[in-house]
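One file, my_file18.cif, carrying mmCIF, C-alpha atoms:
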data_protein
#
loop_
_atom_site.group_PDB
_atom_site.id
_atom_site.type_symbol
_atom_site.label_atom_id
_atom_site.label_comp_id
_atom_site.auth_asym_id
_atom_site.auth_seq_id
_atom_site.Cartn_x
_atom_site.Cartn_y
_atom_site.Cartn_z
ATOM 1 C CA MET A 139 0.000 0.000 0.000
ATOM 2 C CA LYS A 140 1.422 3.350 -1.028
ATOM 3 C CA PRO A 141 1.921 5.634 2.005
ATOM 4 C CA PHE A 142 0.467 9.108 1.731
ATOM 5 C CA ASP A 143 3.156 11.763 1.424
ATOM 6 C CA SER A 144 1.700 14.999 2.792
ATOM 7 C CA GLU A 145 4.540 17.192 1.520
ATOM 8 C CA LYS A 146 4.382 15.795 -1.991
ATOM 9 C CA GLY A 147 0.627 15.993 -2.032
ATOM 10 C CA LYS A 148 0.288 19.536 -0.768
ATOM 11 C CA ILE A 149 -1.807 21.771 -2.990
ATOM 12 C CA ASP A 150 -1.706 25.489 -3.313
ATOM 13 C CA ALA A 151 -5.257 25.728 -4.585
ATOM 14 C CA LEU A 152 -5.877 29.248 -3.374
ATOM 15 C CA ASN A 153 -4.227 32.391 -4.649
ATOM 16 C CA LEU A 154 -3.633 34.076 -1.314
ATOM 17 C CA SER A 155 -1.939 37.150 -2.814
ATOM 18 C CA GLY A 156 -5.256 38.567 -4.058
ATOM 19 C CA PRO A 157 -9.027 38.163 -3.601
ATOM 20 C CA ILE A 158 -9.902 34.503 -3.536
ATOM 21 C CA PRO A 159 -11.775 33.568 -6.693
ATOM 22 C CA ILE A 160 -14.966 31.707 -5.903
ATOM 23 C CA VAL A 161 -14.462 28.859 -8.310
ATOM 24 C CA HIS A 162 -16.180 26.117 -6.346
ATOM 25 C CA PRO A 163 -18.720 27.559 -3.925
ATOM 26 C CA ARG A 164 -20.610 25.193 -1.654
ATOM 27 C CA LEU A 165 -24.213 26.025 -2.478
ATOM 28 C CA ILE A 166 -26.001 23.316 -0.517
ATOM 29 C CA ARG A 167 -27.098 24.071 3.008
ATOM 30 C CA ALA A 168 -25.237 21.976 5.557
ATOM 31 C CA VAL A 169 -28.397 21.096 7.451
ATOM 32 C CA PRO A 170 -31.045 19.489 5.213
ATOM 33 C CA ALA A 171 -34.348 21.350 5.029
ATOM 34 C CA ASN A 172 -36.416 18.312 6.032
ATOM 35 C CA ILE A 173 -34.555 17.524 9.266
ATOM 36 C CA SER A 174 -37.260 19.028 11.475
ATOM 37 C CA LYS A 175 -39.930 16.922 9.708
ATOM 38 C CA VAL A 176 -37.822 13.793 10.169
ATOM 39 C CA ILE A 177 -37.411 14.505 13.884
ATOM 40 C CA GLU A 178 -41.099 15.362 14.240
ATOM 41 C CA ASN A 179 -42.041 12.074 12.542
ATOM 42 C CA PHE A 180 -39.712 10.177 14.848
ATOM 43 C CA GLU A 181 -41.256 11.816 17.896
ATOM 44 C CA THR A 182 -44.776 11.064 16.604
ATOM 45 C CA VAL A 183 -43.903 7.413 16.013
ATOM 46 C CA GLN A 184 -42.273 7.214 19.427
ATOM 47 C CA THR A 185 -45.344 8.702 21.137
ATOM 48 C CA ASN A 186 -47.650 6.317 19.249
ATOM 49 C CA ASN A 187 -45.519 3.348 20.277
ATOM 50 C CA GLU A 188 -45.602 4.416 23.918
ATOM 51 C CA GLU A 189 -49.397 4.804 23.803
ATOM 52 C CA ASN A 190 -49.831 1.408 22.144
ATOM 53 C CA ASN A 191 -47.673 -0.263 24.763
ATOM 54 C CA GLN A 192 -49.778 1.037 27.676
ATOM 55 C CA MET B 167 -67.700 54.327 -6.863
ATOM 56 C CA ARG B 168 -63.976 54.079 -6.324
ATOM 57 C CA LEU B 169 -61.989 52.554 -9.164
ATOM 58 C CA GLN B 170 -59.034 50.398 -8.216
ATOM 59 C CA ASN B 171 -55.795 51.079 -9.985
ATOM 60 C CA LEU B 172 -54.920 47.595 -11.140
ATOM 61 C CA GLU B 173 -51.340 47.085 -12.232
ATOM 62 C CA PRO B 174 -50.923 44.963 -15.336
ATOM 63 C CA PHE B 175 -50.056 41.365 -14.486
ATOM 64 C CA ILE B 176 -46.523 40.551 -15.598
ATOM 65 C CA MET B 177 -45.177 37.031 -15.282
ATOM 66 C CA HIS B 178 -41.527 37.219 -14.441
ATOM 67 C CA THR B 179 -38.964 34.789 -15.816
ATOM 68 C CA LEU B 180 -35.995 33.437 -13.937
ATOM 69 C CA ARG B 181 -33.488 31.433 -15.966
ATOM 70 C CA ILE B 182 -30.836 29.594 -13.995
ATOM 71 C CA ILE B 183 -27.856 28.535 -16.038
ATOM 72 C CA GLY B 184 -25.231 25.975 -15.141
ATOM 73 C CA ALA B 185 -21.903 27.322 -16.358
ATOM 74 C CA GLY B 186 -19.973 24.087 -16.020
ATOM 75 C CA ILE B 187 -16.697 23.664 -14.216
ATOM 76 C CA LYS B 188 -13.697 24.595 -16.332
ATOM 77 C CA GLY B 189 -14.332 28.172 -17.294
ATOM 78 C CA ILE B 190 -16.053 29.568 -20.354
ATOM 79 C CA ASP B 191 -15.140 26.514 -22.441
ATOM 80 C CA HIS B 192 -17.900 24.635 -20.607
ATOM 81 C CA PHE B 193 -20.577 27.227 -21.384
ATOM 82 C CA THR B 194 -23.305 25.709 -23.575
ATOM 83 C CA TYR B 195 -24.905 27.222 -26.654
ATOM 84 C CA GLU B 196 -28.187 26.986 -24.784
ATOM 85 C CA ALA B 197 -26.747 29.104 -21.976
ATOM 86 C CA ILE B 198 -25.493 31.711 -24.445
ATOM 87 C CA ALA B 199 -28.913 31.920 -26.099
ATOM 88 C CA HIS B 200 -30.600 32.559 -22.764
ATOM 89 C CA CYS B 201 -28.035 35.220 -21.888
ATOM 90 C CA LYS B 202 -28.795 36.980 -25.163
ATOM 91 C CA ASN B 203 -32.543 36.911 -24.552
ATOM 92 C CA THR B 204 -32.746 38.216 -21.019
ATOM 93 C CA LYS B 205 -32.794 41.663 -19.451
ATOM 94 C CA GLN B 206 -30.340 41.178 -16.585
ATOM 95 C CA ILE B 207 -27.560 38.660 -15.977
ATOM 96 C CA LEU B 208 -26.309 37.846 -12.507
ATOM 97 C CA LEU B 209 -23.178 35.791 -11.951
ATOM 98 C CA LEU B 210 -22.486 33.828 -8.803
ATOM 99 C CA GLY B 211 -18.928 32.587 -8.846
ATOM 100 C CA THR B 212 -15.752 33.020 -10.870
ATOM 101 C CA ILE B 213 -15.681 31.777 -14.462
ATOM 102 C CA ASP B 214 -12.345 31.789 -16.209
ATOM 103 C CA GLY B 215 -12.617 33.684 -19.493
ATOM 104 C CA ILE B 216 -16.135 35.064 -19.033
ATOM 105 C CA ASN B 217 -15.203 38.726 -19.095
ATOM 106 C CA ARG B 218 -13.626 38.502 -22.525
ATOM 107 C CA PHE B 219 -16.355 36.240 -23.896
ATOM 108 C CA PHE B 220 -19.164 38.509 -22.731
ATOM 109 C CA LEU B 221 -17.367 41.579 -24.058
ATOM 110 C CA GLU B 222 -16.987 39.949 -27.492
ATOM 111 C CA ASN B 223 -20.700 39.128 -27.495
ATOM 112 C CA ASN B 224 -21.804 42.505 -26.209
ATOM 113 C CA LEU B 225 -23.226 40.989 -23.042
ATOM 114 C CA PHE B 226 -23.031 42.459 -19.553
ATOM 115 C CA PHE B 227 -23.426 40.864 -16.167
ATOM 116 C CA GLU B 228 -23.500 41.879 -12.560
ATOM 117 C CA ASP B 229 -21.210 39.816 -10.369
ATOM 118 C CA ILE B 230 -23.063 38.971 -7.160
ATOM 119 C CA SER B 231 -20.317 36.775 -5.711
ATOM 120 C CA ALA B 232 -19.847 39.286 -2.898
ATOM 121 C CA TYR B 233 -23.138 38.010 -1.442
ATOM 122 C CA TYR B 234 -21.367 34.680 -0.894
ATOM 123 C CA GLU B 235 -19.551 35.880 2.176
ATOM 124 C CA ASN B 236 -16.739 33.992 3.824
ATOM 125 C CA GLY B 237 -17.487 33.239 7.460
ATOM 126 C CA ALA B 238 -21.226 33.787 7.195
ATOM 127 C CA LEU B 239 -23.838 31.127 7.887
ATOM 128 C CA ASP B 240 -24.534 29.331 4.609
ATOM 129 C CA SER B 241 -28.303 29.834 4.882
ATOM 130 C CA ASP B 242 -27.783 33.582 5.441
ATOM 131 C CA ASN B 243 -25.682 33.782 2.298
ATOM 132 C CA TYR B 244 -28.306 31.906 0.285
ATOM 133 C CA ARG B 245 -31.064 34.126 1.671
ATOM 134 C CA LYS B 246 -29.193 37.263 0.594
ATOM 135 C CA ILE B 247 -28.543 35.833 -2.861
ATOM 136 C CA LYS B 248 -32.192 34.882 -3.297
ATOM 137 C CA ALA B 249 -33.342 38.307 -2.142
ATOM 138 C CA LYS B 250 -31.019 39.938 -4.654
ATOM 139 C CA VAL B 251 -32.331 37.744 -7.481
ATOM 140 C CA LEU B 252 -35.962 38.434 -6.569
ATOM 141 C CA ASP B 253 -35.227 42.136 -6.360
ATOM 142 C CA GLU B 254 -33.700 42.084 -9.844
ATOM 143 C CA LEU B 255 -36.703 40.116 -11.093
ATOM 144 C CA LYS B 256 -39.045 42.849 -9.831
ATOM 145 C CA THR B 257 -36.998 45.459 -11.662
ATOM 146 C CA HIS B 258 -36.172 43.672 -14.913
ATOM 147 C CA HIS B 259 -38.874 40.947 -15.104
ATOM 148 C CA ASP B 260 -36.499 38.584 -16.912
ATOM 149 C CA VAL B 261 -33.277 37.561 -15.197
ATOM 150 C CA VAL B 262 -30.533 35.009 -15.784
ATOM 151 C CA LEU B 263 -28.656 33.665 -12.786
ATOM 152 C CA ILE B 264 -25.438 31.895 -13.685
ATOM 153 C CA VAL B 265 -24.140 29.343 -11.196
ATOM 154 C CA LEU B 266 -21.126 27.090 -11.547
ATOM 155 C CA GLY B 267 -21.444 23.439 -12.456
ATOM 156 C CA HIS B 268 -24.969 22.010 -12.781
ATOM 157 C CA PRO B 269 -27.760 23.950 -11.055
ATOM 158 C CA ARG B 270 -29.536 20.785 -9.876
ATOM 159 C CA LEU B 271 -26.529 19.241 -8.141
ATOM 160 C CA GLY B 272 -26.200 20.570 -4.611
ATOM 161 C CA VAL B 273 -27.671 24.049 -5.106
ATOM 162 C CA THR B 274 -30.164 24.804 -2.343
ATOM 163 C CA ILE B 275 -31.376 28.109 -3.798
ATOM 164 C CA VAL B 276 -32.465 26.365 -7.022
ATOM 165 C CA GLN B 277 -34.564 23.934 -4.977
ATOM 166 C CA GLU B 278 -36.052 26.867 -3.072
ATOM 167 C CA PHE B 279 -36.798 28.853 -6.229
ATOM 168 C CA GLN B 280 -38.489 25.723 -7.585
ATOM 169 C CA GLN B 281 -40.745 25.567 -4.501
ATOM 170 C CA GLU B 282 -41.427 29.307 -4.333
ATOM 171 C CA LYS B 283 -42.012 30.246 -7.971
ATOM 172 C CA LEU B 284 -45.791 30.425 -7.584
ATOM 173 C CA ARG B 285 -45.582 32.513 -4.436
ATOM 174 C CA HIS B 286 -43.219 35.003 -6.084
ATOM 175 C CA ASN B 287 -44.953 34.863 -9.433
ATOM 176 C CA PHE B 288 -42.244 33.760 -11.825
ATOM 177 C CA GLN B 289 -41.580 31.063 -14.383
ATOM 178 C CA LEU B 290 -38.445 29.081 -13.736
ATOM 179 C CA HIS B 291 -36.202 27.618 -16.414
ATOM 180 C CA VAL B 292 -33.141 25.649 -15.398
ATOM 181 C CA MET B 293 -30.418 24.906 -17.940
ATOM 182 C CA PRO B 294 -28.065 22.024 -17.156
ATOM 183 C CA GLY B 295 -24.323 22.465 -17.160
ATOM 184 C CA ILE B 296 -21.366 20.134 -16.930
ATOM 185 C CA SER B 297 -21.236 19.118 -13.306
ATOM 186 C CA SER B 298 -18.357 18.396 -10.964
ATOM 187 C CA PHE B 299 -19.479 14.765 -11.035
ATOM 188 C CA ASP B 300 -18.940 14.747 -14.813
ATOM 189 C CA THR B 301 -15.439 16.175 -14.505
ATOM 190 C CA MET B 302 -14.473 13.906 -11.618
ATOM 191 C CA ILE B 303 -15.399 10.680 -13.369
ATOM 192 C CA ASN B 304 -13.412 11.905 -16.353
ATOM 193 C CA ASP B 305 -10.409 12.848 -14.218
ATOM 194 C CA LEU B 306 -10.582 9.441 -12.523
ATOM 195 C CA ALA B 307 -11.083 7.764 -15.910
ATOM 196 C CA MET B 308 -13.948 5.689 -14.619
ATOM 197 C CA ASP B 309 -17.445 4.712 -15.710
ATOM 198 C CA PRO B 310 -19.728 5.152 -12.681
ATOM 199 C CA LEU B 311 -22.161 2.543 -13.952
ATOM 200 C CA GLU B 312 -19.610 -0.250 -14.210
ATOM 201 C CA GLU B 313 -19.602 -1.171 -10.518
ATOM 202 C CA GLY B 314 -22.343 1.254 -9.465
ATOM 203 C CA THR B 315 -21.951 4.608 -7.787
ATOM 204 C CA ALA B 316 -23.578 6.651 -5.065
ATOM 205 C CA ILE B 317 -23.289 10.436 -4.804
ATOM 206 C CA LEU B 318 -23.789 11.820 -1.321
ATOM 207 C CA ASP B 319 -23.389 14.971 0.710
ATOM 208 C CA ALA B 320 -21.073 14.348 3.703
ATOM 209 C CA ASN B 321 -23.364 15.930 6.278
ATOM 210 C CA ARG B 322 -26.462 14.016 5.176
ATOM 211 C CA LEU B 323 -24.471 10.778 5.093
ATOM 212 C CA ILE B 324 -23.511 11.219 8.739
ATOM 213 C CA LEU B 325 -26.752 12.804 9.974
ATOM 214 C CA TYR B 326 -29.048 10.122 8.536
ATOM 215 C CA ASP B 327 -26.472 7.377 9.042
ATOM 216 C CA TYR B 328 -27.199 6.049 5.554
ATOM 217 C CA HIS B 329 -26.438 2.419 4.912
ATOM 218 C CA MET B 330 -23.303 2.099 2.778
ATOM 219 C CA ASP B 331 -22.584 -0.799 0.476
ATOM 220 C CA PRO B 332 -18.818 -1.109 -0.011
ATOM 221 C CA CYS B 333 -19.488 -2.757 -3.381
ATOM 222 C CA LEU B 334 -20.467 0.674 -4.735
ATOM 223 C CA ASN B 335 -18.193 3.557 -5.611
ATOM 224 C CA TYR B 336 -18.880 6.627 -3.484
ATOM 225 C CA PHE B 337 -18.446 10.319 -4.219
ATOM 226 C CA ILE B 338 -18.786 12.226 -0.974
ATOM 227 C CA TYR B 339 -19.377 15.916 -1.564
ATOM 228 C CA HIS B 340 -18.665 18.861 0.719
ATOM 229 C CA VAL B 341 -16.039 17.114 2.801
ATOM 230 C CA CYS B 342 -14.719 20.663 3.358
ATOM 231 C CA SER B 343 -17.658 21.409 5.667
ATOM 232 C CA VAL B 344 -18.327 18.373 7.851
ATOM 233 C CA GLY B 345 -20.562 19.514 10.695
ATOM 234 C CA ASN B 346 -20.081 23.118 9.641
ATOM 235 C CA SER B 347 -22.877 25.407 8.445
ATOM 236 C CA TYR B 348 -20.548 28.331 7.916
ATOM 237 C CA THR B 349 -19.123 29.295 4.544
ATOM 238 C CA ASP B 350 -15.452 28.982 5.489
ATOM 239 C CA TYR B 351 -13.899 28.817 2.046
ATOM 240 C CA GLU B 352 -10.758 30.697 3.063
ATOM 241 C CA ALA B 353 -9.787 28.175 5.719
ATOM 242 C CA PRO B 354 -12.119 25.179 5.603
ATOM 243 C CA GLU B 355 -9.868 22.949 7.713
ATOM 244 C CA ALA B 356 -10.363 25.088 10.851
ATOM 245 C CA ASN B 357 -13.940 23.975 11.607
ATOM 246 C CA ASN B 358 -14.075 20.758 9.634
ATOM 247 C CA ALA B 359 -15.236 17.967 11.967
ATOM 248 C CA THR B 360 -13.708 15.171 9.902
ATOM 249 C CA GLN B 361 -13.698 12.776 12.869
ATOM 250 C CA PHE B 362 -17.420 12.238 12.310
ATOM 251 C CA LEU B 363 -16.855 11.310 8.688
ATOM 252 C CA LYS B 364 -13.988 8.961 9.524
ATOM 253 C CA GLN B 365 -16.071 7.265 12.209
ATOM 254 C CA LYS B 366 -18.942 6.805 9.774
ATOM 255 C CA LEU B 367 -16.767 5.423 6.972
ATOM 256 C CA LEU B 368 -14.970 3.008 9.287
ATOM 257 C CA LYS B 369 -18.339 1.403 10.041
ATOM 258 C CA HIS B 370 -18.507 0.238 6.446
ATOM 259 C CA PHE B 371 -15.014 0.063 4.960
ATOM 260 C CA PRO B 372 -11.779 -1.642 5.979
ATOM 261 C CA TYR B 373 -9.300 0.385 8.012
ATOM 262 C CA GLY B 374 -6.712 0.445 5.227
ATOM 263 C CA HIS B 375 -9.121 1.119 2.346
ATOM 264 C CA LYS B 376 -7.753 3.540 -0.259
ATOM 265 C CA VAL B 377 -9.576 6.828 -0.605
ATOM 266 C CA PHE B 378 -8.941 9.765 -2.930
ATOM 267 C CA LEU B 379 -9.345 13.475 -2.462
ATOM 268 C CA VAL B 380 -10.286 14.857 -5.876
ATOM 269 C CA THR B 381 -9.848 18.592 -6.231
ATOM 270 C CA SER B 382 -11.323 20.102 -9.379
ATOM 271 C CA THR B 383 -9.740 22.887 -11.304
ATOM 272 C CA GLY B 384 -11.634 25.929 -12.508
ATOM 273 C CA THR B 385 -9.766 26.385 -15.768
ATOM 274 C CA ASN B 386 -9.328 24.291 -18.845
ATOM 275 C CA ASN B 387 -5.566 24.623 -18.715
ATOM 276 C CA ASP B 388 -5.099 22.730 -15.472
ATOM 277 C CA THR B 389 -5.907 19.151 -14.586
ATOM 278 C CA SER B 390 -7.556 18.173 -11.357
ATOM 279 C CA THR B 391 -5.477 17.050 -8.436
ATOM 280 C CA ILE B 392 -6.060 13.561 -7.123
ATOM 281 C CA LEU B 393 -4.484 12.735 -3.786
ATOM 282 C CA GLN B 394 -4.411 9.176 -2.551
ATOM 283 C CA GLY B 395 -4.650 8.231 1.079
ATOM 284 C CA THR B 396 -6.092 5.565 3.331
ATOM 285 C CA LEU B 397 -9.122 5.658 5.565
ATOM 286 C CA HIS B 398 -7.090 5.380 8.753
ATOM 287 C CA GLN B 399 -4.919 8.339 7.665
ATOM 288 C CA ILE B 400 -7.778 10.427 6.314
ATOM 289 C CA GLU B 401 -6.861 13.376 8.560
ATOM 290 C CA GLN B 402 -3.593 13.719 6.632
ATOM 291 C CA LEU B 403 -5.481 13.811 3.370
ATOM 292 C CA PHE B 404 -7.918 16.383 4.698
ATOM 293 C CA LYS B 405 -5.143 18.866 5.465
ATOM 294 C CA ASN B 406 -5.397 19.600 1.732
ATOM 295 C CA VAL B 407 -9.158 19.965 1.553
ATOM 296 C CA THR B 408 -10.661 22.984 -0.191
ATOM 297 C CA PHE B 409 -14.152 23.894 -1.352
ATOM 298 C CA ALA B 410 -13.201 22.266 -4.653
ATOM 299 C CA SER B 411 -12.623 18.869 -3.046
ATOM 300 C CA SER B 412 -14.703 15.716 -3.008
ATOM 301 C CA LEU B 413 -13.861 12.336 -1.542
ATOM 302 C CA PHE B 414 -13.865 9.355 -3.855
ATOM 303 C CA ILE B 415 -14.095 5.903 -2.276
ATOM 304 C CA PRO B 416 -13.599 3.133 -4.821
ATOM 305 C CA ALA B 417 -15.789 0.044 -4.780
ATOM 306 C CA ILE B 418 -14.704 -3.326 -3.401
ATOM 307 C CA LEU B 419 -15.629 -6.259 -5.616
ATOM 308 C CA PRO B 420 -18.603 -8.204 -4.264
ATOM 309 C CA LYS B 421 -18.263 -11.699 -2.791
ATOM 310 C CA LYS B 422 -19.203 -14.674 -4.972
ATOM 311 C CA SER B 423 -22.014 -15.460 -2.508
ATOM 312 C CA GLN B 424 -23.713 -12.166 -3.449
ATOM 313 C CA ILE B 425 -24.244 -13.202 -7.051
ATOM 314 C CA ASN B 426 -27.853 -13.784 -8.068
ATOM 315 C CA GLN B 427 -27.198 -17.236 -9.570
ATOM 316 C CA GLU B 428 -30.507 -17.515 -11.375
ATOM 317 C CA PHE B 429 -29.998 -14.161 -13.069
ATOM 318 C CA TYR B 430 -26.390 -14.959 -13.846
ATOM 319 C CA GLN B 431 -27.426 -18.214 -15.588
ATOM 320 C CA HIS B 432 -30.084 -16.340 -17.522
ATOM 321 C CA MET B 433 -27.502 -13.823 -18.757
ATOM 322 C CA MET B 434 -24.976 -16.520 -19.664
ATOM 323 C CA ASN B 435 -27.627 -18.434 -21.628
ATOM 324 C CA HIS B 436 -28.537 -15.336 -23.594
ATOM 325 C CA VAL B 437 -25.062 -13.928 -24.105
ATOM 326 C CA LEU B 438 -23.261 -16.989 -25.447
#
Please, can you express the file's structure as structure tokens?
Amino acid sequence: MKPFDSEKGKIDALNLSGPIPIVHPRLIRAVPANISKVIENFETVQTNNEENNQ
Amino acid sequence: MRLQNLEPFIMHTLRIIGAGIKGIDHFTYEAIAHCKNTKQILLLGTIDGINRFFLENNLFFEDISAYYENGALDSDNYRKIKAKVLDELKTHHDVVLIVLGHPRLGVTIVQEFQQEKLRHNFQLHVMPGISSFDTMINDLAMDPLEEGTAILDANRLILYDYHMDPCLNYFIYHVCSVGNSYTDYEAPEANNATQFLKQKLLKHFPYGHKVFLVTSTGTNNDTSTILQGTLHQIEQLFKNVTFASSLFIPAILPKKSQINQEFYQHMMNHVL
């Protein structure tokens, strides 16, 4: 297995002498929009299970 | 009787263009046609060669990249960008928004415009562009269908704890922002919680499995950079992460016991 050489593999991808060009913006939100629905569904299922078990 | 002053109803048009990855050479004829037929062009991102190309074609654009602010919450940046676009739509009625890559691959504001077009009274046209997935499979010289491929966002992979099949190839996007909602493109490594990603991947792949950090270029003169590492040394690899980076995890061949024997026999009988 080839060991990873951090010095050889170092990239200078950003031109730090001037404004950084936005060549690859991250345009997706880190937290998915539906997370609150997913959690709400989980809580609803959990509540239903607790009620059914009583 | 009071007469109401009714404004004429004008349907606005928003055209979102994918500019591709490697500068103006990736711009499609379709994109050019839309740019020539609109009233206002907004550009989000840096496209190598666009200034000269637009000048030659007597086209003008407003660069709104400043709305994509380093250090701001990503959702705040997207909200500002959307507000700017909607404002321009009110003024000009017909607007082109140019984004890099393909507008349907990891672009939250396009999804939101899709959902909100009725509320804000506009038609939406989305023009595909060459995506980072297209350029990565080319740079890796691989056919994603050969062994099968999954494309995932790093944060969703960890958050939803998706099942992973090591017999598939994986492209993990946004490994620059693991557990980070801030747009830290100047120094992504500072708040990148890569330990979560490593922990997740180690649940499914062997400790010494090879992984590759693929960093796309934004010009047609340069080739992408592909750095090889191993899962157990992924932190070393991630010292080089930028907003242009994705993680490629190659597939492991399936075990013989996984083969659908009936289907295999069927194929052999019909192939030979």
Evaluated on this file, the PyMOL selection byres ((chain B and resi 193) around 12) picks out some residues - which ones are they, written as number ranges by chain?
B: 183-192, 194-201, 213-216, 219-220, 264-268, 293-297, 386
Matched chain/residue IDs from the PyMOL selection byres ((chain B) within 6 of (chain A)), as number ranges by chain:
B: 211-212, 272-274, 347, 384, 395, 409-410
Serialized selection, C-alpha atoms, as an mmCIF file, keeping the file's coordinate frame:
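To be explicit, this is the file written out as again.cif:
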data_model
loop_
_atom_site.group_PDB
_atom_site.id
_atom_site.type_symbol
_atom_site.label_atom_id
_atom_site.label_comp_id
_atom_site.auth_asym_id
_atom_site.auth_seq_id
_atom_site.Cartn_x
_atom_site.Cartn_y
_atom_site.Cartn_z
ATOM 1 C CA GLY B 211 -18.928 32.587 -8.846
ATOM 2 C CA THR B 212 -15.752 33.020 -10.870
ATOM 3 C CA GLY B 272 -26.200 20.570 -4.611
ATOM 4 C CA VAL B 273 -27.671 24.049 -5.106
ATOM 5 C CA THR B 274 -30.164 24.804 -2.343
ATOM 6 C CA SER B 347 -22.877 25.407 8.445
ATOM 7 C CA GLY B 384 -11.634 25.929 -12.508
ATOM 8 C CA GLY B 395 -4.650 8.231 1.079
ATOM 9 C CA PHE B 409 -14.152 23.894 -1.352
ATOM 10 C CA ALA B 410 -13.201 22.266 -4.653
#
Find the residues around Glu401 (chain B) up to 9 Å (all atoms listed in the file counted), leave out those fewer than 2 positions away in its own chain, and share them as number ranges by chain.
B: 360-361, 364, 397-399, 403-405
Quick one: everything within 12 Å of Lys421 (chain B), counting only C-alpha atoms, minus sequence neighbours fewer than 3 positions away in the same chain. Send it as an mmCIF file with C-alpha atoms, keeping the file's coordinate frame.
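out_20.cif was written with the following content:
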data_model
loop_
_atom_site.group_PDB
_atom_site.id
_atom_site.type_symbol
_atom_site.label_atom_id
_atom_site.label_comp_id
_atom_site.auth_asym_id
_atom_site.auth_seq_id
_atom_site.Cartn_x
_atom_site.Cartn_y
_atom_site.Cartn_z
ATOM 1 C CA PRO B 332 -18.818 -1.109 -0.011
ATOM 2 C CA CYS B 333 -19.488 -2.757 -3.381
ATOM 3 C CA ILE B 418 -14.704 -3.326 -3.401
ATOM 4 C CA GLN B 424 -23.713 -12.166 -3.449
ATOM 5 C CA ILE B 425 -24.244 -13.202 -7.051
ATOM 6 C CA ASN B 426 -27.853 -13.784 -8.068
#
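Residue nearest Arg181 (chain B) within the list B:Leu239, B:Ile207, B:Ala316, B:Val261: B:Val261 [criterion: smallest interatomic distance, only C-alpha atoms].
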Distance of CA of Ser241 (chain B) from CA of Lys205 (chain B), expressed in Å to one decimal place:
27.4 Å
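Between CA of Leu367 (chain B) and CA of Val276 (chain B) lies a distance of 29.7 Å.
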Can you pull out every residue within 10 Å of region 303-308 of chain B, counting only C-alpha atoms, but drop anything in the same chain fewer than 3 positions away, and send it as a list in words?
Ser298, Phe299, Asp300, Leu311, Glu312, Glu313, Phe337, Phe378, Val380, Thr381, Ser382, Thr389, Ser390, Thr391, Ile392 and Phe414 of chain B
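Counting only C-alpha atoms and comparing B:Leu413, B:Leu284, B:Met302, B:Ile324, the residue that lies closest to Ile338 (chain B) is B:Leu413.
Selecting by distance to (-46.7, 40.7, -13.0) with a limit of 12 Å and using only C-alpha atoms, one obtains B:Leu172, B:Glu173, B:Pro174, B:Phe175, B:Ile176, B:Met177, B:His178, B:Thr179, B:Leu255, B:Lys256, B:Thr257, B:His258, B:His259, B:Asp260, B:Leu284, B:Arg285, B:His286, B:Asn287, B:Phe288, B:Gln289.
Picture a line from CA of Tyr339 (chain B) to CA of Leu318 (chain B); it runs 6.0 Å.
Residues matching the PyMOL selection byres ((chain B and resi 340) around 7) in this structure come to Asp319, Ala320, Ile338, Tyr339, Val341, Cys342, Ser343 and Ser412 of chain B.
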Give me the residues near region 245-251 of chain B as a ChimeraX atom specification, where near means some atom within 9 Å (using only C-alpha atoms) and where sequence neighbours in that chain fewer than 5 positions away do not count.
/B:180,208,210,230-231,233-234,240,256,261-263,275,278-279
